[in-house]
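Below is the file structure.txt, which contains compact mmCIF, C-alpha atoms and all ligand atoms.
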# COMPACT_ATOMS: atom_id res chain seq x y z
CA MET O 49 62.56 209.62 59.64
CA LYS O 50 61.93 212.97 58.02
CA LYS O 51 58.96 213.84 60.19
CA TYR O 52 61.17 214.10 63.29
CA PHE O 53 63.06 216.97 61.73
CA LYS O 54 60.11 219.19 60.92
CA LYS O 55 61.12 222.70 61.80
CA ASP O 56 58.36 223.39 64.29
CA LEU O 57 59.24 220.30 66.37
CA SER O 58 62.89 221.12 66.92
CA ASN O 59 62.55 222.41 70.45
CA LYS O 60 59.88 220.01 71.56
CA PHE O 61 62.30 217.15 72.22
CA PRO O 62 64.40 218.47 75.08
CA THR O 63 66.48 215.28 75.27
CA LYS O 64 66.99 215.02 71.59
CA ASP O 65 70.67 215.17 70.85
CA ILE O 66 70.75 216.59 67.34
CA THR O 67 67.98 219.01 66.47
CA TYR O 68 66.76 220.14 63.09
CA ASP O 69 68.48 223.44 63.74
CA ASP O 70 71.78 221.65 64.46
CA LYS O 71 71.56 219.75 61.21
CA LYS O 72 70.83 222.84 59.22
CA ASN O 73 73.12 225.38 60.84
CA LYS O 74 75.80 223.57 62.85
CA LEU O 75 76.29 220.25 61.08
CA PRO O 76 75.35 220.92 57.44
CA LEU O 77 78.34 219.09 55.93
CA SER O 78 78.49 216.04 58.18
CA THR O 79 74.75 215.40 58.09
CA SER O 80 74.18 216.05 54.39
CA LYS O 81 72.61 212.98 52.83
CA LYS O 82 73.02 214.15 49.25
CA LYS O 83 76.10 212.07 48.36
CA LYS O 84 77.09 208.49 49.06
CA ARG O 85 80.40 208.68 50.91
CA ILE O 86 83.02 206.13 50.05
CA VAL O 87 86.58 206.47 51.33
CA ASP O 88 88.70 204.67 48.76
CA LEU O 89 92.29 203.83 49.77
CA GLY O 90 93.06 202.24 46.40
CA ASN O 91 93.97 198.61 45.72
CA GLY O 92 90.37 197.56 46.31
CA VAL O 93 90.18 198.88 49.89
CA LYS O 94 87.04 200.94 50.36
CA PHE O 95 85.17 202.12 53.44
CA GLY O 96 81.46 202.81 53.05
CA SER O 97 80.84 200.25 50.34
CA HIS O 98 79.61 196.69 50.39
CA ASP O 99 82.96 195.58 51.87
CA ILE O 100 83.87 195.79 55.55
CA PRO O 101 87.64 196.37 55.71
CA ILE O 102 89.49 195.30 58.83
CA ILE O 103 92.35 197.30 60.29
CA ALA O 104 94.47 195.10 62.53
CA GLY O 105 97.74 195.29 64.39
CA PRO O 106 99.28 195.95 67.75
CA ASN O 107 98.85 199.02 69.82
CA GLY O 108 102.35 200.36 69.26
CA VAL O 109 105.09 199.75 66.72
CA GLU O 110 107.20 197.94 69.30
CA SER O 111 109.76 196.37 66.99
CA HIS O 112 110.44 195.43 63.39
CA LYS O 113 110.04 191.75 64.26
CA LEU O 114 106.59 192.27 65.76
CA MET O 115 105.35 194.22 62.73
CA LEU O 116 106.81 191.59 60.42
CA ASP O 117 104.96 188.80 62.24
CA VAL O 118 101.74 190.84 62.25
CA ALA O 119 102.07 191.64 58.53
CA LYS O 120 102.55 187.96 57.69
CA CYS O 121 99.47 187.08 59.73
CA LEU O 122 97.42 189.75 57.90
CA VAL O 123 98.49 188.60 54.45
CA LYS O 124 97.74 184.99 55.33
CA ASN O 125 94.23 186.02 56.39
CA LYS O 126 93.65 188.36 53.40
CA ILE O 127 93.55 191.50 55.53
CA LYS O 128 94.89 194.57 53.75
CA ILE O 129 95.33 197.23 56.43
CA ILE O 130 97.91 197.20 59.20
CA ARG O 131 97.83 199.47 62.24
CA GLY O 132 100.40 200.39 64.83
CA HIS O 133 101.22 203.65 66.52
CA ALA O 134 104.65 205.22 66.61
CA TYR O 135 103.25 208.22 68.48
CA LYS O 136 100.82 207.52 71.26
CA PRO O 137 99.14 209.34 74.11
CA LEU O 138 98.76 207.37 77.35
CA THR O 139 96.06 207.89 79.95
CA PHE O 140 98.63 208.10 82.75
CA PRO O 141 102.06 209.71 82.54
CA TYR O 142 103.90 206.73 84.02
CA ARG O 143 105.36 204.44 81.38
CA SER O 144 106.43 200.87 81.95
CA SER O 145 110.08 200.28 81.19
CA LYS O 146 108.95 198.17 78.20
CA TYR O 147 107.05 201.05 76.68
CA LYS O 148 108.50 203.69 74.47
CA GLU O 149 107.06 205.76 71.69
CA SER O 150 109.05 204.54 68.71
CA LYS O 151 108.39 207.83 66.85
CA ASN O 152 110.41 208.27 63.62
CA GLN O 153 112.03 204.88 64.05
CA GLY O 154 108.58 203.30 64.30
CA MET O 155 107.46 205.11 61.17
CA ASP O 156 110.52 203.77 59.33
CA ILE O 157 109.52 200.26 60.38
CA MET O 158 105.97 200.85 59.10
CA ASP O 159 107.40 202.17 55.85
CA ASP O 160 109.43 199.04 55.34
CA ILE O 161 106.50 196.75 56.16
CA LYS O 162 104.20 198.69 53.86
CA LYS O 163 106.57 198.30 50.93
CA SER O 164 107.36 194.64 51.55
CA PHE O 165 103.77 193.49 52.07
CA LYS O 166 101.76 196.01 50.03
CA LEU O 167 99.59 196.77 53.05
CA LYS O 168 97.78 200.01 53.77
CA VAL O 169 98.97 201.76 56.94
CA VAL O 170 96.84 203.35 59.66
CA THR O 171 98.67 205.18 62.42
CA GLU O 172 97.87 207.77 65.04
CA ILE O 173 98.81 211.41 64.76
CA THR O 174 99.15 213.14 68.12
CA GLU O 175 100.77 216.46 67.27
CA ILE O 176 101.00 218.79 64.30
CA LYS O 177 104.80 218.67 64.42
CA TYR O 178 104.79 214.96 63.50
CA LEU O 179 102.53 215.39 60.46
CA ASP O 180 105.28 215.51 57.81
CA ARG O 181 106.84 212.23 58.90
CA VAL O 182 103.55 210.43 59.50
CA CYS O 183 102.13 211.53 56.13
CA LYS O 184 105.11 210.07 54.26
CA THR O 185 104.05 206.56 55.27
CA ALA O 186 100.46 206.56 56.48
CA ASP O 187 97.57 205.88 54.12
CA VAL O 188 95.14 206.94 56.85
CA LEU O 189 95.77 209.24 59.81
CA GLN O 190 94.00 208.22 62.99
CA ILE O 191 92.90 211.02 65.28
CA GLY O 192 92.62 209.36 68.69
CA SER O 193 89.65 209.77 70.97
CA ARG O 194 91.64 211.98 73.33
CA ASN O 195 92.24 214.40 70.48
CA MET O 196 88.72 214.42 69.08
CA GLN O 197 88.29 218.10 69.85
CA ASN O 198 91.89 219.19 69.31
CA LEU O 199 90.69 221.64 66.70
CA GLU O 200 94.07 222.81 65.42
CA LEU O 201 95.12 219.20 64.93
CA LEU O 202 91.86 218.43 63.12
CA LYS O 203 92.38 221.35 60.79
CA GLU O 204 95.99 220.52 59.94
CA CYS O 205 95.14 216.86 59.40
CA ALA O 206 92.30 217.85 57.09
CA LEU O 207 94.64 220.05 55.07
CA THR O 208 96.96 217.10 54.34
CA LYS O 209 94.11 215.67 52.20
CA LYS O 210 94.85 212.23 53.65
CA PRO O 211 91.96 209.95 54.60
CA LEU O 212 91.23 210.41 58.31
CA ILE O 213 89.75 208.25 61.05
CA LEU O 214 88.12 210.41 63.70
CA LYS O 215 87.56 208.47 66.91
CA ARG O 216 84.72 209.47 69.18
CA HIS O 217 85.86 210.65 72.58
CA PHE O 218 84.58 208.26 75.27
CA GLY O 219 82.59 211.05 76.90
CA ALA O 220 81.35 212.80 73.78
CA SER O 221 77.85 212.86 72.34
CA LEU O 222 77.24 212.12 68.68
CA ARG O 223 76.50 215.82 68.32
CA ASP O 224 79.98 216.71 69.59
CA MET O 225 81.56 214.08 67.38
CA LEU O 226 79.84 215.40 64.28
CA GLY O 227 80.85 218.91 65.34
CA ALA O 228 84.48 217.74 65.29
CA ALA O 229 83.85 216.11 61.89
CA GLU O 230 82.48 219.41 60.65
CA HIS O 231 85.84 221.08 61.49
CA ILE O 232 87.49 218.60 59.10
CA LEU O 233 84.90 218.83 56.35
CA ILE O 234 84.93 222.60 56.28
CA GLU O 235 88.61 222.43 55.27
CA GLY O 236 87.56 220.51 52.16
CA ASN O 237 88.66 217.03 53.21
CA GLU O 238 85.80 214.59 52.70
CA LYS O 239 87.87 211.42 53.13
CA LEU O 240 86.48 210.97 56.59
CA ILE O 241 85.78 207.77 58.55
CA LEU O 242 84.05 207.98 61.93
CA CYS O 243 84.92 205.47 64.64
CA GLU O 244 82.91 204.30 67.66
CA ARG O 245 85.35 203.05 70.30
CA GLY O 246 83.36 202.82 73.51
CA VAL O 247 82.03 205.22 76.08
CA SER O 248 82.87 205.70 79.72
CA ILE O 249 79.95 204.48 81.84
CA PRO O 250 79.71 202.05 84.76
CA HIS O 251 78.75 198.85 83.02
CA THR O 252 80.47 195.73 84.21
CA HIS O 253 81.56 193.48 87.04
CA ARG O 254 85.17 193.49 85.80
CA ASP O 255 87.75 195.74 87.37
CA THR O 256 89.77 195.39 84.15
CA SER O 257 87.10 196.90 81.95
CA ARG O 258 87.15 200.54 80.98
CA PHE O 259 84.55 201.36 78.34
CA ALA O 260 81.30 200.05 76.88
CA LEU O 261 80.93 199.77 73.13
CA ASP O 262 78.01 201.95 72.14
CA ILE O 263 76.57 199.59 69.53
CA GLN O 264 73.58 201.86 69.12
CA ALA O 265 75.88 204.64 67.91
CA ILE O 266 76.41 202.65 64.70
CA PRO O 267 72.81 202.70 63.40
CA ALA O 268 72.27 206.14 64.96
CA LEU O 269 75.21 207.65 63.10
CA LYS O 270 74.28 205.88 59.90
CA GLU O 271 70.86 207.46 60.13
CA ILE O 272 72.24 210.98 60.34
CA THR O 273 75.45 210.90 58.29
CA ASN O 274 76.59 209.18 55.10
CA PHE O 275 80.24 208.98 56.18
CA PRO O 276 81.52 205.46 56.88
CA ILE O 277 81.19 204.31 60.50
CA ILE O 278 83.72 201.84 61.86
CA SER O 279 83.85 200.10 65.21
CA ASP O 280 86.76 199.40 67.57
CA PRO O 281 85.72 196.59 69.93
CA SER O 282 89.28 196.21 71.25
CA HIS O 283 89.59 199.64 72.84
CA ALA O 284 85.98 199.53 73.95
CA SER O 285 86.12 196.29 75.90
CA PHE O 286 89.80 196.40 76.88
CA TRP O 287 89.40 192.65 77.27
CA ALA O 288 90.30 190.18 74.53
CA PRO O 289 87.66 187.52 75.39
CA TRP O 290 84.87 190.01 74.66
CA VAL O 291 86.29 191.28 71.37
CA PRO O 292 84.80 188.55 69.12
CA SER O 293 81.18 189.01 70.26
CA LEU O 294 81.44 192.79 70.05
CA THR O 295 82.92 192.44 66.57
CA PHE O 296 80.04 190.24 65.38
CA ALA O 297 77.54 192.63 66.95
CA SER O 298 79.18 195.60 65.21
CA ILE O 299 78.95 193.89 61.84
CA ALA O 300 75.32 193.01 62.47
CA ALA O 301 74.68 196.62 63.51
CA GLY O 302 75.94 197.82 60.13
CA CYS O 303 79.51 198.99 60.69
CA ASP O 304 81.60 199.82 57.61
CA GLY O 305 84.92 198.64 59.02
CA LEU O 306 86.65 197.45 62.18
CA ILE O 307 89.77 198.10 64.20
CA ILE O 308 91.04 194.96 65.93
CA GLU O 309 94.13 194.96 68.10
CA ILE O 310 96.32 191.88 67.61
CA HIS O 311 99.75 190.87 68.91
CA LYS O 312 102.06 187.89 68.44
CA ASN O 313 102.20 187.46 72.19
CA PRO O 314 99.51 189.61 73.87
CA LYS O 315 100.90 189.07 77.36
CA LYS O 316 104.09 190.76 76.23
CA SER O 317 102.34 193.77 74.68
CA ALA O 318 104.05 196.93 75.94
CA VAL O 319 100.67 198.52 76.71
CA ASP O 320 97.20 197.13 77.44
CA PRO O 321 98.22 193.43 77.38
CA LEU O 322 94.67 192.27 78.20
CA GLN O 323 93.31 193.70 74.98
CA PRO O 324 94.95 192.23 71.87
CA LEU O 325 93.96 188.93 70.29
CA ASP O 326 96.68 186.46 69.41
CA PHE O 327 96.95 185.28 65.81
CA ARG O 328 94.90 182.13 66.34
CA GLN O 329 92.10 184.05 68.06
CA PHE O 330 92.19 186.59 65.22
CA LYS O 331 91.84 183.84 62.62
CA ASN O 332 88.81 182.44 64.46
CA LEU O 333 87.29 185.89 64.76
CA LEU O 334 87.66 186.40 61.00
CA LYS O 335 86.00 183.12 60.16
CA ILE O 336 82.82 183.97 62.06
CA SER O 337 82.96 187.66 61.08
CA ARG O 338 82.97 186.65 57.41
CA ALA O 339 79.92 184.47 57.97
CA VAL O 340 78.08 187.27 59.81
CA ALA O 341 78.95 189.70 57.01
CA ARG O 342 77.69 187.24 54.38
CA SER O 343 74.43 186.83 56.26
CA ILE O 344 73.71 190.53 55.82
CA LYS O 345 74.97 190.50 52.22
CA ARG O 346 78.26 192.23 52.97
CA LYS O 347 81.81 191.05 52.64
CA ILE O 348 85.03 190.96 54.67
C1 LIG B 401 94.31 203.21 69.65
O1 LIG B 401 93.63 203.05 68.63
O2 LIG B 401 95.36 202.61 69.87
C2 LIG B 401 93.80 204.13 70.69
C3 LIG B 401 94.60 204.58 71.63
O3 LIG B 401 92.51 204.41 70.59
P1 LIG B 401 91.62 205.49 71.41
O4 LIG B 401 92.11 206.82 70.97
O5 LIG B 401 90.25 205.18 70.96
O6 LIG B 401 91.84 205.22 72.87
MN MN B 402 95.61 200.78 71.81
Can you present the structure in this file as structure tokens?
Ligand code: PEP
Ligand code: MN
Amino acid sequence: MKKYFKKDLSNKFPTKDITYDDKKNKLPLSTSKKKKRIVDLGNGVKFGSHDIPIIAGPNGVESHKLMLDVAKCLVKNKIKIIRGHAYKPLTFPYRSSKYKESKNQGMDIMDDIKKSFKLKVVTEITEIKYLDRVCKTADVLQIGSRNMQNLELLKECALTKKPLILKRHFGASLRDMLGAAEHILIEGNEKLILCERGVSIPHTHRDTSRFALDIQAIPALKEITNFPIISDPSHASFWAPWVPSLTFASIAAGCDGLIIEIHKNPKKSAVDPLQPLDFRQFKNLLKISRAVARSIKRKI
């Protein structure tokens, strides 16, 4: 590995994404290999260790009933982290009548679920003005791919000292992603988890598909950074039938965690109804995922 970063070779690989100079001068904090990086949420939930925690839940906090059903499903399957967004950017400005950002009300629902089920909460932060409310409940703030380079947001999130998930923008290089990570690290927040969630390239016969999971990003990132790398096969494939195989592949590729979208009744999901797994599909996915993890001496 080391030989590729010899100083005198840095400009001799014109297609090389991250040069020796980048590592030294632009990405010193994110690419430092001095420390092992474990993001510990407490209660035995750790990213970057032997365990591979799974974050599961619907896209949005649609209702108390939905989150209750999801929480019960997670507890039954020994999953400790629930997700659901109360604030959410959409690709297009037109919202179906079913869809609404539940905002503070959604955060209150998450708060209630968290207390009743002792689950950790991951939720998206879209704007600085929502930080106070989101931080009251969230154990981890998710910075969505569309906000990967929203530098003011990155800074303010870092200053909360909360653990952060930084999602890679679907058009961003690993160099750009680590650059965004550097903006967080320089504020002194090292509780950082990096997430691969698919890139925008022509790749399939399906008109319903939007992104391709960049599996290679997992070993590539692990080579250059010690921060935990998680994978989101749901947002990458946008298509529930492909989520299991992409999940197994992510585990085999060395991911340190997963985001899986699930819903009691996927067809009724307020957004992206093709994407979530139902509870039975999720249970099946876990069974095989646990076996894949065991085969590489890790644990879900
Ligand atoms: C999400 O996790 O619900 C989401 C919108 O992800 P992304 O920012 O990767 O599209
Ligand atoms: Mn989503």
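Between Glu271 in chain O and the candidates O:Val319, O:Ile100, O:Ile66, O:Met158, the tightest atom-to-atom separation, counting only C-alpha atoms, involves O:Ile66.
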Given all atoms listed in the file as the counted atoms, nearest of O:Ser164, O:Thr295, O:Gln197, O:Gln264 to Met115 in chain O: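 Closest candidate: O:Ser164.
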From the options O:Lys124, O:Lys209, O:Arg194, O:His217, which residue's atoms come nearest to Arg328 in chain O, counting only C-alpha atoms?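 The closest residue to Arg328 in chain O is O:Lys124.
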With distances taken over all atoms listed in the file, which residue among O:Lys331, O:Arg181, O:Lys71, O:Lys128 lies nearest Gly92 in chain O?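 Selected residue with least distance to Gly92 in chain O: O:Lys128.
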Using all atoms listed in the file, which residues sit within 9 Å of range 229-233 of chain O once same-chain residues fewer than 2 positions away are excluded, as an mmCIF file with C-alpha atoms, in the coordinates of the input?
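File written: selection-v1.cif
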data_model
loop_
_atom_site.group_PDB
_atom_site.id
_atom_site.type_symbol
_atom_site.label_atom_id
_atom_site.label_comp_id
_atom_site.auth_asym_id
_atom_site.auth_seq_id
_atom_site.Cartn_x
_atom_site.Cartn_y
_atom_site.Cartn_z
ATOM 1 C CA LYS O 74 75.800 223.570 62.850
ATOM 2 C CA LEU O 75 76.290 220.250 61.080
ATOM 3 C CA PRO O 76 75.350 220.920 57.440
ATOM 4 C CA LEU O 77 78.340 219.090 55.930
ATOM 5 C CA SER O 78 78.490 216.040 58.180
ATOM 6 C CA MET O 196 88.720 214.420 69.080
ATOM 7 C CA LEU O 199 90.690 221.640 66.700
ATOM 8 C CA LEU O 202 91.860 218.430 63.120
ATOM 9 C CA LYS O 203 92.380 221.350 60.790
ATOM 10 C CA GLU O 204 95.990 220.520 59.940
ATOM 11 C CA CYS O 205 95.140 216.860 59.400
ATOM 12 C CA ALA O 206 92.300 217.850 57.090
ATOM 13 C CA LEU O 207 94.640 220.050 55.070
ATOM 14 C CA LEU O 214 88.120 210.410 63.700
ATOM 15 C CA ASP O 224 79.980 216.710 69.590
ATOM 16 C CA MET O 225 81.560 214.080 67.380
ATOM 17 C CA LEU O 226 79.840 215.400 64.280
ATOM 18 C CA GLY O 227 80.850 218.910 65.340
ATOM 19 C CA GLU O 235 88.610 222.430 55.270
ATOM 20 C CA GLY O 236 87.560 220.510 52.160
ATOM 21 C CA ASN O 237 88.660 217.030 53.210
ATOM 22 C CA GLU O 238 85.800 214.590 52.700
ATOM 23 C CA LYS O 239 87.870 211.420 53.130
ATOM 24 C CA LEU O 240 86.480 210.970 56.590
ATOM 25 C CA LEU O 242 84.050 207.980 61.930
#
Give as a list in words each residue that has an atom at most 6 Å from (84.2, 205.1, 60.1) in the file, counting all atoms listed in the file.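 Those within range, by chain then number, are Ile241, Leu242, Cys243, Pro276, Ile277 and Ile278 of chain O.
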Which residues are near Lys136 in chain O? Cut-off 8 Å, all atoms listed in the file, ignore same chain within fewer than 5 positions. Put them as a PyMOL selection string. chain O and resi 108+149+172-174
Chain O near ligand LIG 401 (chain B) within 7 Å: what's each residue's closest atom pair and its distance in Å to one decimal, counting all atoms listed in the file, ordered by chain then ascending residue number, as a tab-separated table?
residue	atom	partner	partner_atom	distance
O:Asn107	CA	B:LIG401	O2	5.0
O:His133	CA	B:LIG401	O2	6.8
O:Lys136	CA	B:LIG401	C3	6.9
O:Gly192	CA	B:LIG401	O4	3.5
O:Ser193	CA	B:LIG401	O4	3.8
O:Arg194	CA	B:LIG401	O4	5.7
O:Lys215	CA	B:LIG401	O5	5.9
O:Arg245	CA	B:LIG401	O5	5.4
O:His283	CA	B:LIG401	O5	5.9
Separation of CA of Pro321 in chain O from CA of Ser111 in chain O in Å: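 About the pair CA of Ser111 in chain O and CA of Pro321 in chain O: they are 15.8 Å apart.
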Record the distance separating CA of Tyr178 in chain O and CA of Lys94 in chain O, expressed in Å with one decimal.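 Separating CA of Tyr178 in chain O from CA of Lys94 in chain O is a distance of 26.2 Å.
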Which residue gives the smallest distance to ligand MN 402 (chain B) among O:Val182, O:Leu269, O:Ala104, O:Ile348, with all atoms listed in the file counted?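 Closest residue, counting all atoms listed in the file: O:Ala104.
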Separation of CA of Arg338 in chain O from CA of Ala260 in chain O in Å: 23.7 Å
Taking only C-alpha atoms and all ligand atoms into account, which of O:Leu334, O:Leu138, O:Ile234, O:Ile249 comes nearest ligand MN 402 (chain B)? O:Leu138
So which residues touch Lys335 in chain O within 10 Å, counting all atoms listed in the file, skipping near sequence neighbours fewer than 5 positions away, as a list in words?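 Residues meeting the cut-off are Asn125, Phe330, Val340 and Ile348 of chain O.
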Write out as a list in words each polymer residue whose atoms come within 9 Å of His112 in chain O, counting all atoms listed in the file; drop sequence neighbours fewer than 2 positions from it. Val109, Glu110, Leu114, Met115, Leu116, Asp117, Gly154, Ile157, Met158, Asp160 and Ile161 of chain O
(75.2, 212.6, 56.4) in this file's frame - what residues fall within 8 Å of it? Use all atoms listed in the file and give the answer as a ChimeraX atom specification. /O:77-82,270-275
With N, CA, C and O atoms as the goal, would you fill in the gaps in range 176-195 of chain O and present it as a CSV table (one decimal), in the coordinates of the input?
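Saved the output as out33.csv:
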chain,number,residue,atom,x,y,z
O,176,ILE,N,100.8,218.2,65.6
O,176,ILE,CA,101.0,218.8,64.3
O,176,ILE,C,102.5,218.6,63.9
O,176,ILE,O,102.7,218.3,62.7
O,177,LYS,N,103.4,218.7,64.8
O,177,LYS,CA,104.8,218.7,64.4
O,177,LYS,C,105.2,217.3,63.9
O,177,LYS,O,106.3,217.2,63.2
O,178,TYR,N,104.4,216.3,64.1
O,178,TYR,CA,104.8,215.0,63.5
O,178,TYR,C,104.1,214.7,62.1
O,178,TYR,O,104.4,213.7,61.5
O,179,LEU,N,103.3,215.6,61.7
O,179,LEU,CA,102.5,215.4,60.5
O,179,LEU,C,103.4,215.0,59.2
O,179,LEU,O,103.0,214.1,58.5
O,180,ASP,N,104.5,215.8,59.0
O,180,ASP,CA,105.3,215.5,57.8
O,180,ASP,C,105.7,214.1,57.8
O,180,ASP,O,105.6,213.4,56.8
O,181,ARG,N,106.3,213.6,58.9
O,181,ARG,CA,106.8,212.2,58.9
O,181,ARG,C,105.7,211.2,58.8
O,181,ARG,O,105.8,210.2,58.0
O,182,VAL,N,104.6,211.4,59.5
O,182,VAL,CA,103.6,210.4,59.5
O,182,VAL,C,102.9,210.4,58.1
O,182,VAL,O,102.7,209.3,57.6
O,183,CYS,N,102.8,211.5,57.4
O,183,CYS,CA,102.1,211.5,56.1
O,183,CYS,C,103.0,210.8,55.1
O,183,CYS,O,102.4,210.3,54.1
O,184,LYS,N,104.3,210.8,55.2
O,184,LYS,CA,105.1,210.1,54.3
O,184,LYS,C,104.7,208.6,54.2
O,184,LYS,O,104.9,208.0,53.1
O,185,THR,N,104.3,208.0,55.2
O,185,THR,CA,104.0,206.6,55.3
O,185,THR,C,102.6,206.2,55.4
O,185,THR,O,102.1,205.2,54.8
O,186,ALA,N,101.8,207.0,56.2
O,186,ALA,CA,100.5,206.6,56.5
O,186,ALA,C,99.5,206.7,55.3
O,186,ALA,O,99.6,207.7,54.5
O,187,ASP,N,98.6,205.7,55.1
O,187,ASP,CA,97.6,205.9,54.1
O,187,ASP,C,96.4,206.5,54.8
O,187,ASP,O,95.6,207.2,54.1
O,188,VAL,N,96.2,206.3,56.1
O,188,VAL,CA,95.1,206.9,56.8
O,188,VAL,C,95.7,207.5,58.2
O,188,VAL,O,96.5,206.8,58.8
O,189,LEU,N,95.4,208.7,58.5
O,189,LEU,CA,95.8,209.2,59.8
O,189,LEU,C,94.6,209.0,60.8
O,189,LEU,O,93.5,209.2,60.5
O,190,GLN,N,95.0,208.4,61.9
O,190,GLN,CA,94.0,208.2,63.0
O,190,GLN,C,94.1,209.3,64.0
O,190,GLN,O,95.2,209.6,64.6
O,191,ILE,N,93.0,210.0,64.2
O,191,ILE,CA,92.9,211.0,65.3
O,191,ILE,C,92.3,210.3,66.5
O,191,ILE,O,91.1,209.9,66.4
O,192,GLY,N,93.0,210.2,67.5
O,192,GLY,CA,92.6,209.4,68.7
O,192,GLY,C,91.5,210.0,69.5
O,192,GLY,O,91.3,211.3,69.3
O,193,SER,N,90.8,209.2,70.3
O,193,SER,CA,89.6,209.8,71.0
O,193,SER,C,90.0,211.0,71.9
O,193,SER,O,89.3,211.9,72.0
O,194,ARG,N,91.2,210.9,72.4
O,194,ARG,CA,91.6,212.0,73.3
O,194,ARG,C,91.9,213.3,72.6
O,194,ARG,O,92.0,214.3,73.2
O,195,ASN,N,92.0,213.2,71.3
O,195,ASN,CA,92.2,214.4,70.5
O,195,ASN,C,91.0,214.8,69.6
O,195,ASN,O,91.1,215.7,68.8
